[in-house]
Amino acid sequence: MKIGILGSGNVGGTLGQAWAKQGHEVCLGARDPQSPDLQARLSDAGGNAKAGSLQNAVDFGEVIVLTLPWGAVEETLGMLSHLEGKILLDCTNPNFSADADQHHPVSGGERVATWVPQTKVVKIFNTTGWENMANPQYGSQSLTMFYAGDDADAKAIAAQLATDIGFEPVDAGSLTNSGLLESLAQLWGKLAYGQKLGRNIAFKLLQR
Ligand SMILES: NC(=O)c1ccc[n+]([C@@H]2O[C@H](COP(=O)([O-])OP(=O)(O)OC[C@H]3O[C@@H](n4cnc5c(N)ncnc54)[C@H](OP(=O)(O)O)[C@@H]3O)[C@@H](O)[C@H]2O)c1
C-alpha cells in the first residue's frame, strides 16, 4: 500500500520505518525533506521509504497518516490539496495542558474530520508511545491498538496496517468515540509521567 505521512518525527518516522520494513511504500512528508534526521530515518527504513514535501506525501499516499503536533494540524490541513476521497489516519492528540483543549466539547478526531470533510478519518495510533509503535511486543503479547471511525473500508485498512506492524487492532466504534481514545492517551501519559511508570507501558484488552 502507498502511505503518505504528514510529519516525520517520533510517531511519523517510527510508523513510516515500520511499514517500509513490512513492504509498504512510504513517503514521509516534511517541511525540510533534506534534514539530516529525516535522511537518517530513510537509510534505516530500507528502499521502500522516501521523503518529500507535505503535499508530495498527500499526492503519493492512498492512505494519509496525520502525525503533526496538534497546534499545527488545522492550518496544515487547510493548506493541502487533493485530500478528497483519501483515508486519513489521525494519530494526533489535542494538547490537554491547554485550557482550550482540556474543556473542548468535541474530540480532536471529530474536529479533524470537520477540517477535511472529504476524507475518511480513522482515529488510531494515538493511545501509546512511539517506542511501542517501534516494538509492540511485550513478551508473547501484542499490544492492543484501538481505532475509531465511520467508514468500514477505511477502518479495515487501518486495522490491517496496525496488524502489519505487530499490533492487535480492536474496533472502538464510530468516530464519535475518538474522545475516549484521546482520554486513553491522556491516561497513558499520566501513568508514564505522573505515576512515574515510564514509557515502557501499554494497554492490552483481555477477553473471555
Ligand atoms: N510522541 C508520542 O509517543 C506520541 C504518541 C501518540 C500520539 N502522539 C501524537 O502524535 C503527534 C506527533 O507527535 P510526535 O511525538 O511525533 O512529534 P514530533 O516528534 O515533534 O514530530 C512532529 C513532526 O511534525 C512536524 N511539524 C511540526 N510543526 C509543524 C508545522 N507547523 N507544519 C508542518 N510540520 C510540522 C515536525 O517537523 P520538523 O522536523 O520540521 O519540526 C515533525 O516532523 C502529536 O499530535 C502527538 O500528540 C505522540
# chains A, B, ... in the order shown; residues from 1 in each chain; ligands from 1

$ residues_near_ligand --ligand "ligand 1" --cutoff "8 Å" --atoms "only C-alpha atoms and all ligand atoms" --output "count of residues only"
38

$ residues_around --residues "Thr119 in chain A" --least-positions-apart "2" --cutoff "12 Å" --atoms "only C-alpha atoms" --output "count of residues only"
29

$ atom_distance --atom1 "CA of Asp171 in chain A" --atom2 "CA of Phe146 in chain A"
5.9 Å

$ closest_atom_pairs --of "range 172-196 of chain A" --to "range 201-205 of chain A" --cutoff "12 Å" --atoms "only C-alpha atoms" --output "tab-separated table"
residue	atom	partner	partner_atom	distance
A:Ala172	CA	A:Leu205	CA	11.4
A:Leu181	CA	A:Phe203	CA	11.4
A:Leu184	CA	A:Phe203	CA	8.9
A:Ala185	CA	A:Phe203	CA	9.9
A:Leu187	CA	A:Phe203	CA	10.2
A:Trp188	CA	A:Ala202	CA	7.5
A:Gly189	CA	A:Ile201	CA	9.8
A:Lys190	CA	A:Ile201	CA	11.3
A:Leu191	CA	A:Ile201	CA	8.4
A:Ala192	CA	A:Ile201	CA	7.2
A:Tyr193	CA	A:Ile201	CA	10.9
A:Gln195	CA	A:Ile201	CA	11.5
A:Lys196	CA	A:Ile201	CA	10.6

$ write_last_selection --atoms "N, CA, C and O atoms" --output "PDB file, in the first residue's frame"
ATOM      1  N   ALA A 172     -13.073   0.280  18.097  1.00  0.00           N
ATOM      2  CA  ALA A 172     -13.702   1.006  19.215  1.00  0.00           C
ATOM      3  C   ALA A 172     -14.948   1.770  18.770  1.00  0.00           C
ATOM      4  O   ALA A 172     -15.422   2.651  19.487  1.00  0.00           O
ATOM      5  N   LEU A 181     -10.538   7.514  23.005  1.00  0.00           N
ATOM      6  CA  LEU A 181      -9.155   7.140  22.674  1.00  0.00           C
ATOM      7  C   LEU A 181      -8.182   8.246  23.079  1.00  0.00           C
ATOM      8  O   LEU A 181      -7.057   7.977  23.517  1.00  0.00           O
ATOM      9  N   LEU A 184      -7.687   7.939  26.698  1.00  0.00           N
ATOM     10  CA  LEU A 184      -6.792   6.821  26.979  1.00  0.00           C
ATOM     11  C   LEU A 184      -5.335   7.256  26.805  1.00  0.00           C
ATOM     12  O   LEU A 184      -4.458   6.867  27.589  1.00  0.00           O
ATOM     13  N   ALA A 185      -5.110   8.074  25.789  1.00  0.00           N
ATOM     14  CA  ALA A 185      -3.753   8.602  25.567  1.00  0.00           C
ATOM     15  C   ALA A 185      -3.331   9.478  26.750  1.00  0.00           C
ATOM     16  O   ALA A 185      -2.184   9.416  27.208  1.00  0.00           O
ATOM     17  N   LEU A 187      -4.429   9.191  29.795  1.00  0.00           N
ATOM     18  CA  LEU A 187      -4.159   8.282  30.916  1.00  0.00           C
ATOM     19  C   LEU A 187      -2.766   7.665  30.781  1.00  0.00           C
ATOM     20  O   LEU A 187      -2.017   7.583  31.760  1.00  0.00           O
ATOM     21  N   TRP A 188      -2.425   7.260  29.553  1.00  0.00           N
ATOM     22  CA  TRP A 188      -1.094   6.683  29.317  1.00  0.00           C
ATOM     23  C   TRP A 188      -0.016   7.678  29.763  1.00  0.00           C
ATOM     24  O   TRP A 188       0.943   7.315  30.453  1.00  0.00           O
ATOM     25  N   GLY A 189      -0.197   8.937  29.406  1.00  0.00           N
ATOM     26  CA  GLY A 189       0.779   9.966  29.789  1.00  0.00           C
ATOM     27  C   GLY A 189       0.829  10.175  31.299  1.00  0.00           C
ATOM     28  O   GLY A 189       1.901  10.322  31.880  1.00  0.00           O
ATOM     29  N   LYS A 190      -0.351  10.163  31.937  1.00  0.00           N
ATOM     30  CA  LYS A 190      -0.387  10.341  33.408  1.00  0.00           C
ATOM     31  C   LYS A 190       0.329   9.186  34.100  1.00  0.00           C
ATOM     32  O   LYS A 190       1.024   9.374  35.103  1.00  0.00           O
ATOM     33  N   LEU A 191       0.126   7.964  33.573  1.00  0.00           N
ATOM     34  CA  LEU A 191       0.777   6.801  34.187  1.00  0.00           C
ATOM     35  C   LEU A 191       2.285   6.837  33.949  1.00  0.00           C
ATOM     36  O   LEU A 191       3.078   6.568  34.857  1.00  0.00           O
ATOM     37  N   ALA A 192       2.661   7.196  32.712  1.00  0.00           N
ATOM     38  CA  ALA A 192       4.084   7.193  32.356  1.00  0.00           C
ATOM     39  C   ALA A 192       4.844   8.246  33.141  1.00  0.00           C
ATOM     40  O   ALA A 192       5.942   7.970  33.646  1.00  0.00           O
ATOM     41  N   TYR A 193       4.252   9.445  33.258  1.00  0.00           N
ATOM     42  CA  TYR A 193       4.978  10.568  33.869  1.00  0.00           C
ATOM     43  C   TYR A 193       4.496  10.860  35.287  1.00  0.00           C
ATOM     44  O   TYR A 193       5.295  10.856  36.219  1.00  0.00           O
ATOM     45  N   GLN A 195       2.666   9.085  37.396  1.00  0.00           N
ATOM     46  CA  GLN A 195       2.855   7.933  38.295  1.00  0.00           C
ATOM     47  C   GLN A 195       4.251   7.312  38.143  1.00  0.00           C
ATOM     48  O   GLN A 195       4.537   6.284  38.756  1.00  0.00           O
ATOM     49  N   LYS A 196       5.039   7.924  37.265  1.00  0.00           N
ATOM     50  CA  LYS A 196       6.447   7.536  37.100  1.00  0.00           C
ATOM     51  C   LYS A 196       6.639   6.078  36.689  1.00  0.00           C
ATOM     52  O   LYS A 196       7.618   5.426  37.068  1.00  0.00           O
TER      53      LYS A 196
END

$ residues_around --residues "Phe60 in chain A" --least-positions-apart "6" --cutoff "9 Å" --atoms "only C-alpha atoms" --output "PyMOL selection string"
chain A and resi 2-4+26-27

$ write_last_selection --atoms "N, CA, C and O atoms" --output "mmCIF file, in the first residue's frame"
data_model
loop_
_atom_site.group_PDB
_atom_site.id
_atom_site.type_symbol
_atom_site.label_atom_id
_atom_site.label_comp_id
_atom_site.auth_asym_id
_atom_site.auth_seq_id
_atom_site.Cartn_x
_atom_site.Cartn_y
_atom_site.Cartn_z
ATOM 1 N N LYS A 2 0.408 2.301 -0.674
ATOM 2 C CA LYS A 2 1.170 3.555 -0.708
ATOM 3 C C LYS A 2 0.696 4.459 0.439
ATOM 4 O O LYS A 2 -0.496 4.797 0.505
ATOM 5 N N ILE A 3 1.623 4.806 1.315
ATOM 6 C CA ILE A 3 1.288 5.535 2.545
ATOM 7 C C ILE A 3 2.032 6.874 2.552
ATOM 8 O O ILE A 3 3.267 6.906 2.449
ATOM 9 N N GLY A 4 1.285 7.963 2.668
ATOM 10 C CA GLY A 4 1.885 9.291 2.795
ATOM 11 C C GLY A 4 1.751 9.751 4.232
ATOM 12 O O GLY A 4 0.647 9.717 4.791
ATOM 13 N N VAL A 26 6.346 4.101 1.323
ATOM 14 C CA VAL A 26 6.108 5.206 2.262
ATOM 15 C C VAL A 26 6.731 6.492 1.732
ATOM 16 O O VAL A 26 7.870 6.489 1.260
ATOM 17 N N CYS A 27 5.968 7.580 1.825
ATOM 18 C CA CYS A 27 6.535 8.923 1.590
ATOM 19 C C CYS A 27 6.361 9.730 2.867
ATOM 20 O O CYS A 27 5.233 9.984 3.304
#

$ select_by_dssp --residues "chain A" --states "alpha helix (DSSP H)" --output "VMD selection string"
chain A and resid 10 to 21 36 to 45 54 to 60 70 to 79 99 to 102 108 to 115 130 to 134 152 to 164 178 to 189

$ select_by_dssp --residues "range 59-143 of chain A" --states "strand (DSSP E)" --output "PyMOL selection string"
chain A and resi 63-66+87-90+120-123+137-138+141-142

$ residues_around --residues "Gly166 in chain A" --least-positions-apart "2" --cutoff "6 Å" --atoms "only C-alpha atoms" --output "list of chain:residue names"
A:Pro136, A:Thr163, A:Asp164

$ atom_distance --atom1 "CA of Ala20 in chain A" --atom2 "CA of Leu80 in chain A"
23.8 Å

$ atom_distance --atom1 "CA of Gln207 in chain A" --atom2 "CA of Thr144 in chain A"
11.7 Å
